Each structure stands twice: as C-alpha cells, then as structure tokens.
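Notes follow the structure.
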Amino acid sequence: MPEHQLELRLRAVAHALDADAPAFDPSVLRAAAPRPARRRLVAIAVLAVLAGTVAAPAAVSALADLFDVVPELGPVPADVMQPFGGRQVDLTEAQTTVAFRVRTIASLGAPEAAYVRDDIAGGMVTVAYRDGGTRLTQWAPADVKARTAVVPSSVTAEELTVRGKRALWIEGTARGTFTVTGADGAIHKELFDVAAGALLWEDGGVALLLQGADTKEDAALLAAAVSSG
Amino acid sequence: MEGVASEYPIELPLRRSEHDSEAALVSRAAAGDSEAYAALVRPHEHVAYRVAVSITGWNDDAQEAVQNAYVKAYRSLRRFRRGAAFRPWLLRIVVNEARNVRRSELRHERLAERAAERRDTPAAGADETVLAREEVATVLDALTRLSEADRLVIALRYFAQLSDAEAAELAGTSTATYRVRLMRTRRRLEALLEDADA
C-alpha cells in the first residue's frame, strides 16, 4: 500500500470520527474552578512528583494506580455497598488470605477486628480500631487495581509525607466511587466516603488506605505508626 | 508526506496571532473564566476525541475520557507553562484519561463486541454512510491490533496532526526515535490493512 494511501485512509477515518466527538459543555465546569497549585484536586501532579521520587518502575506503576484519583462527572450511584468491609476473621486468618504482611497500627494496640474480602482476587484486608471507626485497608497494587473517582467540586487532595514517602490526603463533603479490579479482572464498584478524610500511601509494595482518623495530623501520626511486624 | 492531495482539511499549527490569542484565553481561563476555557478547548474537540479513540477504541469510553480530560485540564491550568502550545498539553491529559478509563474498567475486553455492534447497526442513511462506517471500523480494527504505544504514534501524527517534535515529547521519546517508530508502525499497519482488505 503506497504511503500516501495509508495517510489518506487515516485522515478520512479521523474526520469520520469527528461526527461522534463530544462537544465541550461549559456547565461541567461550574463547580470546578482552577485551584492554587498548593492544594491539588486531582492527583496527576502528585503522580508526576511521585514518579520522580520512586526508583523502581514497578513501584511507579503501582503508585500510579494507587493514586489514580479522577473527577466523577456523573452522580455518585446510591445503590452500592459500603466498601472495605467483608468477612470478619481474626488477624491470623486475615494474614492467610494475602501474600503480603498485613499492616497494623502499632500505636493503637491490637486490632479490634479484621476483615477480608473473599470476592476480590488478590485479596484485601481491613483492620479496625477505635470501635471500628478507624480502619486501615490494604491490598497489593501489583494484583489489585484501585481507582477513586470523586466529585471535583467538593473534594480536595493534599500531599503529605509518611516516613519520608509521599502520601495523599483526600478530604471533602461528598462521596466518591471506589473501583477495585481484582487479579481476575472482576470489577467492584463501591462508595468511598471522604467526609472524614482518607490517607492513601504505599509501603513496601502494599497500598494502604487509612480512614476514620480524627484529623489530617492524626492520620499522619497513625500512618507513621503502621507496622508489618 | 507533504503535498499529498486530500479532500480532508489538514490542521496547521497556529499562526503567531492565534498563538497569542490562545495565551490570552489560557490566562482568562486560569482565572476562572469558563467561557474563555470553552473558546480555548473547542478548536481541539475533534482532535481530542480522535486521540482518545486510538486508546480506548471506538466507543463511549472515548467520549468519557475526553470529558474527564476537559475538567482535569481546566483544574490544572495554573500549571500550564506560559508560552507552550495548548494542544499537546491537552492531548497529554486526554491520553492519560483514556488510559485510565480503559485500564480501570477493563473495557478493552468488550471493544470487539462494541465494534461489531457498530458495524451491525450503522446509522440509517445513504449507502455511502454505511460504507464510510465500515471503512472506519476496518481501519480502527487494524489499529487495535497494534500495541497502545504504536496506536498513539499513529494517532499523534495522523489524527492529531502534531509535529514530530510535539508528538515525540508526548510519546515520551526523542524525535528521531519517534520517526523511526512511526515508519515501522506504519508498515505494520499497512500490512494489517492489506490483510483486512483482502
């Protein structure tokens, strides 16, 4: 096939696609005013920073998935289950469901409860403290992909440091959608309530999500006390 | 490539006055002027969608990726480098969003089904419309047989009309490497299309 023929075919296709191109709708921006760079709504910039600070390509990829916070344009579905729960087990059994060492928050003592998600291939474990109000959820991003979609107008994301590693503090007034894709490709869409704030970070190939801290500072202290021993 | 006769318009780089106008729109949009942002984005709507299609396939995911990218770009305008070209910057966000949509939903497993649906249910109309959609489906099917990186190489040149330097930067490679990769990818695509046409 002559080169110019390929070019013509590709350009013809390009222009045929134009009929389906969505027109930009300014109304989607009503609640999405640009924010100062210090407090970032969307994690792309954080990703760029993270990519520059993590040496191993695999780790970069894992962080990219872990911190994949995207704007949700549509309404948050109301008929989804509360996330990060699952079957209650003791900590020893929880450890048998995942390939990584389960993390706990040393400063809070032994977990009051542990939960495992049997339906997520690759495993997801949550340990709970403070009458269940503080929860540390963990998974291996190499196996389990997580994506968080939040309503841009009501959620902010801020970069923190946990033991010298960058973390993402998400706080807002609205719920978002937390999408988890298990190692088998099955997709689980669940609610992600960030009204009380949530801290996301990565430690030794394990993604960690802390919910239910009293404040951002409390979250950072608890995160610093997380141990795999 | 230059001088090839075509009935399709070729988007040229912005002239200096247009570039200045674009910079003014960026400043106004970054200050929260949504109408300025609309004026900034509209000339790139088609190109954004084409590039998204090259990543997600010809389906609703491409539209979702483009809309997400518009919002993300708007919120990121303060980080836009003054004096830089807006289109490559926007397309970088479109590419990332298209990857996000495709990866997170694993929708690529359903692309073949959707493409088939497109072919089976062309818009009602003249025969040439049906033929056009078949041609689009044929070319896009061939494209989907390439790796994502190779599809992007093709899309940035033929769908987005970026310069080699802009495309190379967006693809994360040198201009020389991009040109070599484009040549190789073009050969592979030509072979795929010849098989499809046979």
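Letters for chains follow the order of the structure tokens (A, B, ...), residue numbers begin at 1 for each chain, and ligand numbers begin at 1 in the order shown.
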**OP:** Give the residues of chain B that lie within 6 Å of chain A; count only C-alpha atoms, and format the answer as an MDAnalysis selection string.
**Re:** chainID B and resid 32 46 49 75 136 159
Give me a file of those residues, with all heavy atoms, as a short mmCIF file (atom, residue, chain, number, x, y, z; two decimals), in the first residue's frame.
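Output file out26.cif is given in full below:
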data_model
loop_
_atom_site.label_atom_id
_atom_site.label_comp_id
_atom_site.auth_asym_id
_atom_site.auth_seq_id
_atom_site.Cartn_x
_atom_site.Cartn_y
_atom_site.Cartn_z
N GLY B 32 -10.55 31.54 35.99
CA GLY B 32 -11.90 31.08 36.27
C GLY B 32 -12.94 31.43 35.23
O GLY B 32 -14.13 31.22 35.45
N HIS B 46 -12.30 17.87 18.23
CA HIS B 46 -12.22 16.73 17.32
C HIS B 46 -10.94 15.94 17.53
O HIS B 46 -10.94 14.71 17.59
CB HIS B 46 -12.33 17.21 15.87
CG HIS B 46 -13.68 17.72 15.52
ND1 HIS B 46 -13.95 18.45 14.39
CD2 HIS B 46 -14.87 17.61 16.17
CE1 HIS B 46 -15.24 18.75 14.35
NE2 HIS B 46 -15.81 18.26 15.42
N TYR B 49 -10.93 13.87 20.69
CA TYR B 49 -11.73 12.65 20.58
C TYR B 49 -11.01 11.59 19.73
O TYR B 49 -10.99 10.41 20.06
CB TYR B 49 -13.09 12.98 19.99
CG TYR B 49 -13.98 11.76 19.80
CD1 TYR B 49 -14.46 11.07 20.89
CD2 TYR B 49 -14.31 11.31 18.52
CE1 TYR B 49 -15.27 9.95 20.73
CE2 TYR B 49 -15.11 10.19 18.35
CZ TYR B 49 -15.59 9.52 19.46
OH TYR B 49 -16.38 8.41 19.29
N ARG B 75 -8.85 22.34 35.65
CA ARG B 75 -8.38 22.45 37.03
C ARG B 75 -6.86 22.55 37.10
O ARG B 75 -6.31 22.91 38.13
CB ARG B 75 -8.87 21.28 37.85
CG ARG B 75 -10.38 21.19 37.94
CD ARG B 75 -10.79 20.35 39.10
NE ARG B 75 -10.27 20.91 40.34
CZ ARG B 75 -10.96 21.70 41.16
NH1 ARG B 75 -12.19 22.00 40.87
NH2 ARG B 75 -10.43 22.16 42.25
N VAL B 136 -14.27 3.03 8.49
CA VAL B 136 -13.78 3.46 9.80
C VAL B 136 -13.54 2.24 10.69
O VAL B 136 -12.49 2.12 11.33
CB VAL B 136 -14.79 4.41 10.48
CG1 VAL B 136 -14.38 4.69 11.93
CG2 VAL B 136 -14.88 5.71 9.71
N PHE B 159 -4.03 11.66 13.39
CA PHE B 159 -5.29 12.12 13.98
C PHE B 159 -5.14 13.49 14.62
O PHE B 159 -6.05 14.30 14.59
CB PHE B 159 -5.77 11.13 15.04
CG PHE B 159 -6.30 9.83 14.49
CD1 PHE B 159 -6.26 9.55 13.14
CD2 PHE B 159 -6.86 8.89 15.32
CE1 PHE B 159 -6.73 8.37 12.62
CE2 PHE B 159 -7.36 7.70 14.83
CZ PHE B 159 -7.28 7.42 13.48
#
**OP:** Would you mind listing what lies within 9 Å of Ala165 of chain B as a list in words, with only C-alpha atoms counted and same-chain residues fewer than 5 positions away left out?
**Re:** Leu170, Ser174, Thr175, Ala176 and Tyr178 of chain B
Subject >> Residue nearest Leu143 of chain B - candidates B:Ser76, B:Ser34, B:Gln63, B:Thr185, atoms counted: only C-alpha atoms >> reply: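 Once distances to Leu143 of chain B are computed over only C-alpha atoms, the minimum belongs to B:Thr185.
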**OP:** Do a neighbour search on Thr144 of chain B at 8 Å with only C-alpha atoms, toss out local chain neighbours closer than 5 positions, and write the hits as a PyMOL selection string.
**Re:** chain B and resi 54+57+151
Original post:
Out of B:Ser21, B:Ala36, B:Ala155, B:Tyr74, which residue has the shortest atom-to-atom distance to Ala52 of chain B when counting only C-alpha atoms?
Top reply: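 Smallest distance to Ala52 of chain B is found for B:Ala155.
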**OP:** Could you jot down the atom CA of Arg157 of chain B to atom CA of Arg181 of chain B separation for me, Å, one decimal place?
**Re:** 11.6 Å
Original post:
Hey, can you check how far atom CA of Arg166 of chain A sits from atom CA of Leu200 of chain A?
Top reply: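 Calculated distance between atom CA of Arg166 of chain A and atom CA of Leu200 of chain A is 9.2 Å.
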